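Contents: one structure, followed by commentary.
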Amino acid sequence: MVLHKFGEKLYSGLVATMTGHLKEIAKSVEAAQGAEFYRVESQKFIECCDCGDYLKKAERRLNEEIDRVSHYLDPRTEKKITNVVEKEMIENHMLRLIHMENSGLVHMFSDDKYDDLGRMYNLFRRVPDGLSKIREVMTEHIKETGKQLVNDPERLKDPVEFVQRLLDEKDKYDKIINFAFNNDKSFQNALNSSFEYFINLNPRSPEFISLFVDDKLRKGLKGVSEDDVEVTLDKVMMLFRYLQEKDVFEKYYKQHLAKRLLSGKTVSDDAERSLIVKLKTECGYQFTSKLEGMFTDMKTSQDTMQGFYASHPELVDGPTLTVQVLTTGSWPTQSSVTCNLPAEMSALCEKFRSYYLGTHTGRRLSWQTNMGTADLKATFGKGQKHELNVSTYQMCVLMLFNNADRLSYKEIEQATEIPASDLKRCLQSLALVKGRNVLRKEPMSKDVGEDDAFFVNDKFSSKLYKVKIGTVVAQKESEPEKQETRQRVEEDRKPQIEAAIVRIMKSRKQLDHNNLIAEVTKQLQSRFLANPTEVKKRIESLIERDFLERDENDRKLYRDPDVVSLKTRCCFFIVICITIRTNVVGCEEVLTCASNLQSIVGDSNILPFYLEQGIANTIGCLQREGCLLRGEHNLLGEAFLVMASVAGIQQQQEVLAWLLEPLSQEWTHSEWQDKYLSEPYGLVYLFSEAQVMWSSFHSVTFFDKALNRSGIKKANWNPENSSTPDSTPINPILIKYFVLSGSCSYFPATSHYTLSLVSICTSNFTWRDPSCNDHE
C-alpha cells in the first residue's frame with residue numbers, strides 16, 4: 001500500500017478507514033481465539049489448582065489482557081475483551097470455586113485467608129451475581145457456626161466465655177469485610193442479620209451479655225486505659241443492638257448494676273456512666289431513667305450518713321453502720337427477708353431509722369439484710385488476728401460464736417432466722433471453702449445438713465490480714481428464678497402493648513387485625529419482639545374496657561370509639577402512671593392528659609373507678625406498699641385536681657384531703673400541738689430548723705401551684721366542711737398549721753392568725769390578732 005505525501009500532510013481519511021478495518025479484524029480474531037483459549041486454559045487450571053491458586057492465575061490473565069489493550073489496541077475494546085476472560089475464567093466456574101473442597105470460600109473464612117478473599121471479591125464483582133453468591137455462602141456459614149455455638153452445652157456453661165466468643169467472631173468478620181471486601185455495606189448488613197438470627201436463638205443471650213458486662217465492670221477492665229474501656233463498651237453495645245428482647249437485658253442489667261453499686265465492686269463509676277449514656281443514646285432516656293436514679297441514690301445516701309453521724313457524735317468510737325437508702329421504683333424489687341441482727345447492729349439500725357424518718361416525712365424503711373456486707377475483726381488460736389469481709393448473713397452467724405464454742409445447724413437457724421437456702425450457702429462458704437474456712441463442721445462432708453454442728457477453726461491462717469469470704473452462689477439463675485424473671489418481664493410488657501395499640505388507633509381511627517399487629521410489633525421492636533398472641537389478648541382486653549370496638553360487619557376490623565368511657569380512660573391513665581412507672585411521663589404531659597380527660601365529658605363522675613372506694617385509701621395503700629413514690633404522689637395529686645375541677649366541690653375536697661393526709665398525720669401528736677400550735681411564736685421556733693422550714697415552704701408552694709392549675713376558687717373552699725361519706729376529712733390541726741404558715745388564702749376569711757412564711761425565712765416575723773390594733 002502506497003501513501004502519497006504532499007509536504008507533511010497525509011491522506012488522513014484513507015488512513016483512518018484502513019486503521020478502523022484493521023482494528024475490527026484484530027478484535028474479531030482476538031475474541032474468537034481468546035474465548036476458546038481461555039475456555040481450555042480455565043478447565044486445565046481448575047482441575048489441578050486449589051481455589052486460591054486458580055484466582056491468582058485468573059487475576060494474572062485478566063491483568064495481561066488489560067495491559068495488552070493499553071499498548072496495542074483501541075481502549076474502547078477493553079470491555080469486550082475482558083468480558084471474554086471474565087466469562088470463561090470466572091463466571092463459568094463461580095459455584096465450583098466457591099464450594100471447592102478444602103480451599104473454597106468457607107475454608108478461606110475459617111483460615112483467615114484475607115488475600116484470597118480480597119482477590120475473590122475483586123474478581124467476582126466483575127460478573128453478574130458474583131457478590132450475591134459470596135454473601136449467600138457467608139451468611140449461611142455464619143448462621144451455621146452461630147447455631148453450633150449457641151447449641152453447645154459446654155459453651156453455655158460459662159456466660160462470659162460465650163459472649164467473648166461472640167465478640168471474637170464479630171471482630172473476625174468485621175476485619176474480613178473491612179480489609180477483603182472493601183468495607184462493602186451489603187456484606188456488613190448480611191453480617192448483622194446473621195448475628196441477630198443466631199444470638200436470639202439462645203433465650204438467655206440477654207442475661208449472658210449482662211453477665212459479661214458485670215464481669216468486665218467488676219474486674220475485667222481493671223488497669224485498662226480509657227480508650228480500651230470505650231472499645232469494650234462499644235462492642236457490648238454492638239451485641240445489645242442484635243437483641244430482640246432488650247427489656248430482658250434491662251432487667252438483668254439492673255440487678256447486676258445494683259449488686260455492683262451496693263458491694264462497691266465496680267471498676268470505675270466513669271465506665272458505668274459511659275455505658276448508661278450509650279444505652280440512653282440507643283434506646284432513649286426512658287430506658288435508663290431508673291439506672292440513673294440508682295446513682296443518685298448512692299450519692300444521696302452518702303450525704304444522709306454524714307448527717308446521721310453528725311447528729312450522733314457518740315457513735316464514732318463504736319461499731320459503724322453504713323446504710324444505702326434505695327428508692328423503691330429505681331432499684332430491682334427485692335423481697336424483704338427477715339433476719340435477726342446482732343444486738344449491737346440492731347441498736348444502730350433503730351437509731352438510723354429514727355433519724356431518717358424524723359428528717360423525711362411520708363416514707364417507709366424496709367431493711368434488705370440479704371444485700372449487705374460487713375467487716376469483722378477476728379482473733380483465732382495463738383492470737384492470730386484477721387479482718388474478715390463477709391455478707392450480713394455470715395456476720396450474723398459468726399457473731400453467735402462470741403458467746404458459744406459449738407452450735408448446731410438448728411440452733412444457728414433459730415437464732416438468726418435466716419432462710420434455709422441462704423443459711424446453707426452461708427455455712428458452706430464459712431466452713432467448706434479451702435483457705436476461707438473460719439469455721440469447722442462435723443461431720444465433714446461437701447454439703448450442709450440439718451444435723452451438722454459447727455465450731456470456730458482455731459487453726460485458721462492466711463498470709464493476708466484482710467480476708468474476703470465470698471458466698472457460695474451460682475453465677476446463673478436457678479430455674480425458679482428464671483421463671484420469676486420471665487413472668488415479671490411478661491407482666492411489664494402488657495401495659496406497653498396496650499399503650500401502643502391505643503396510640504396507633506388514635507392516629508389511624510380504623511385498622512384491620514393484621515395491620516394492627518404489624519404496627520404494634522414495629523413500634524415495640526426497639527424494646528422487645530411482641531408476641532402476636534399476646535397482642536391479640538391485649539386487643540381483646542381493650543375491647544372489653546371500651547378502648548376499641550369491632551366493626552359490626554367485619555370482626556377483624558377495629559375502630560377507635562368516638563367517645564370512650566371516661567372512667568376507662570382515667571383507669572388507663574392510672575395504670576400507665578403507676579404500673580409502668582418508667583418515670584418518663586413529665587408533669588406537663590400528665591397534666592395535659594388530665595386536661596384532655598376533663599374535656600371529654602361534662603358530667604361530675606370523672607374520677608376513675610380505681611378510686612371509687614376513696615382516694616386516700618386507695619393511693620395511700622399503694623404508697624405504704626412502696627408502689628408510689630413521693631414525686632408520683634404529688635404528680636397524680638396535681639393531675640387529679642385538674643380532673644376534679646369540673647366535678648364540683650366534693651371531688652375537689654376529696655383530692656385535697658388525700659394530698660394533705662401525710663402532713664395531717666404529722667400534726668396529730670399532742671406534744672407538737674402543745675409545743676408549736678398553742679401560741680403563735682411556736683411556729684417560729686419550729687421554722688428555725690432549716691429542714692422543717694423548707695419542707696413547709698415546699699408544701700405551701702406545691703399546693704398553691706396545684707390549686708391554681710385546677711381552677712379552684714380558694715375563697716369558695718371551706719376545709720372545715722370538707723368531710724364527705726367517701727372522703728378523708730382534713731385534720732383541723734393541719735388547717736391551723738396552714739393558716740399559721742401563710743396559707744390562709746385557701747381558708748375562710750374568718751381565720752384569726754396570719755403568719756408570713758416569707759417573713760419567717762428572713763427572720764423578720766410579725767403576728768397580728770384582729771382583736772388588737774397592733775401586736776408584734
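Starting from 1 in every chain, residues are counted up; chains themselves are A, B, ... following the order of the C-alpha cells, and ligands are numbered from 1 as listed.
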
Discussion item. At a cut-off of 12 Å, using only C-alpha atoms, what residues contact Val433 of chain A? Leave out same-chain residues fewer than 2 positions from it and give the result as a list of chain:residue names.
Written reply: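 In the requested format, the answer is A:Arg425, A:Cys426, A:Leu427, A:Gln428, A:Ser429, A:Leu430, A:Ala431, A:Gly435, A:Arg436, A:Asn437, A:Val438, A:Leu439, A:Arg440, A:Lys441, A:Ser445, A:Lys446, A:Asp447, A:Phe460, A:Lys468, A:Ile469, A:Gly470, A:Thr471, A:Val472.
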
Store the residues picked out above in a file with C-alpha atoms, as a tab-separated table (two decimals), in the first residue's frame.
```
chain	number	residue	atom	x	y	z
A	425	ARG	CA	-24.91	-21.42	101.32
A	426	CYS	CA	-23.63	-19.13	104.08
A	427	LEU	CA	-22.35	-22.03	106.18
A	428	GLN	CA	-20.82	-23.71	103.13
A	429	SER	CA	-18.80	-20.53	102.49
A	430	LEU	CA	-17.64	-20.32	106.08
A	431	ALA	CA	-16.78	-23.96	106.68
A	435	GLY	CA	-8.40	-21.18	102.60
A	436	ARG	CA	-11.55	-19.42	103.83
A	437	ASN	CA	-12.83	-21.99	106.35
A	438	VAL	CA	-13.03	-19.90	109.52
A	439	LEU	CA	-15.46	-22.50	110.88
A	440	ARG	CA	-15.22	-26.28	111.12
A	441	LYS	CA	-18.09	-28.69	110.54
A	445	SER	CA	-18.95	-33.52	104.03
A	446	LYS	CA	-19.47	-31.42	100.91
A	447	ASP	CA	-22.98	-30.37	101.88
A	460	PHE	CA	-7.27	-20.86	110.52
A	468	LYS	CA	-12.67	-11.85	101.87
A	469	ILE	CA	-15.09	-14.72	102.33
A	470	GLY	CA	-17.46	-14.96	99.37
A	471	THR	CA	-20.85	-16.59	99.36
A	472	VAL	CA	-21.32	-19.87	97.50
```

List every residue of segment 166-255 of chain A that has an atom at most 8 Å from any atom of segment 148-151 of chain A, and for each one report the closest atom pair and its distance in Å to one decimal, counting only C-alpha atoms, with rows sorted by chain and then by increasing residue number, as CSV.
```
residue,atom,partner,partner_atom,distance
A:Phe198,CA,A:Val150,CA,7.3
A:Ile199,CA,A:Val150,CA,7.3
A:Leu201,CA,A:Val150,CA,7.1
A:Asn202,CA,A:Val150,CA,5.9
```

Worksheet item: Which residues come within 6 Å of segment 209-226 of chain A, counting only C-alpha atoms, excluding same-chain residues fewer than 2 positions away, as a PyMOL selection string?
Response: chain A and resi 160+206-207+228-229+253+265-267

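In this comparison, which uses only C-alpha atoms, the residue of A:Glu450, A:Asp317, A:Glu491, A:Glu272 approaching Asp247 of chain A most closely is A:Glu491.
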
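Taking atom CA of Ile176 of chain A and atom CA of Lys278 of chain A as endpoints, the distance between them is 26.3 Å.
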
Discussion item. Could you pull out the helix (DSSP H, G or I) residues of segment 317-566 of chain A, going by DSSP on the backbone, and write them as a ChimeraX atom specification?
Written reply: /A:343-359,369-371,381-383,392-400,409-416,420-431,479-508,513-524,532-544,566

Need the shell around Lys459 of chain A: protein/DNA/RNA residues with any atom at most 9 Å away, counting only C-alpha atoms. Skip same-chain ones fewer than 5 positions apart. Format as a PDB file with N, CA and C atoms, in the first residue's frame?
```pdb
ATOM      1  N   PHE A 380      -8.002 -15.624 116.211  1.00  0.00           N
ATOM      2  CA  PHE A 380      -8.031 -17.083 116.186  1.00  0.00           C
ATOM      3  C   PHE A 380      -6.985 -17.635 117.169  1.00  0.00           C
ATOM      4  N   GLY A 381      -6.815 -18.947 117.161  1.00  0.00           N
ATOM      5  CA  GLY A 381      -5.865 -19.579 118.071  1.00  0.00           C
ATOM      6  C   GLY A 381      -4.474 -18.995 117.925  1.00  0.00           C
ATOM      7  N   LYS A 382      -3.713 -18.949 119.016  1.00  0.00           N
ATOM      8  CA  LYS A 382      -2.367 -18.376 119.080  1.00  0.00           C
ATOM      9  C   LYS A 382      -2.349 -16.880 118.785  1.00  0.00           C
ATOM     10  N   VAL A 438     -13.187 -20.416 108.160  1.00  0.00           N
ATOM     11  CA  VAL A 438     -13.027 -19.896 109.523  1.00  0.00           C
ATOM     12  C   VAL A 438     -13.823 -20.729 110.524  1.00  0.00           C
TER      13      VAL A 438
END
```

Discussion item. Nearest residue to Val277 of chain A out of A:Glu344, A:Thr300, A:Ser70, A:Glu230, using only C-alpha atoms?
Written reply: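 Among the listed residues, A:Glu230 lies closest to Val277 of chain A.
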
Discussion item. I need the residue nearest Lys87 of chain A from this list: A:Leu73, A:Val127, A:Met138, A:Leu117. Use only C-alpha atoms for the distance.
Written reply: A:Val127

Item to complete: Give the strand (DSSP E or B) residues of segment 191-410 of chain A, as DSSP finds them on the backbone, and put them as a PyMOL selection string.
Response: chain A and resi 373-379+385-391+406-408

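Residues surrounding Lys172 of chain A within 9 Å are Phe109, Asp112, Leu167, Asp168, Ile176 and Ile177 of chain A [only C-alpha atoms; sequence separation below 4 positions excluded].
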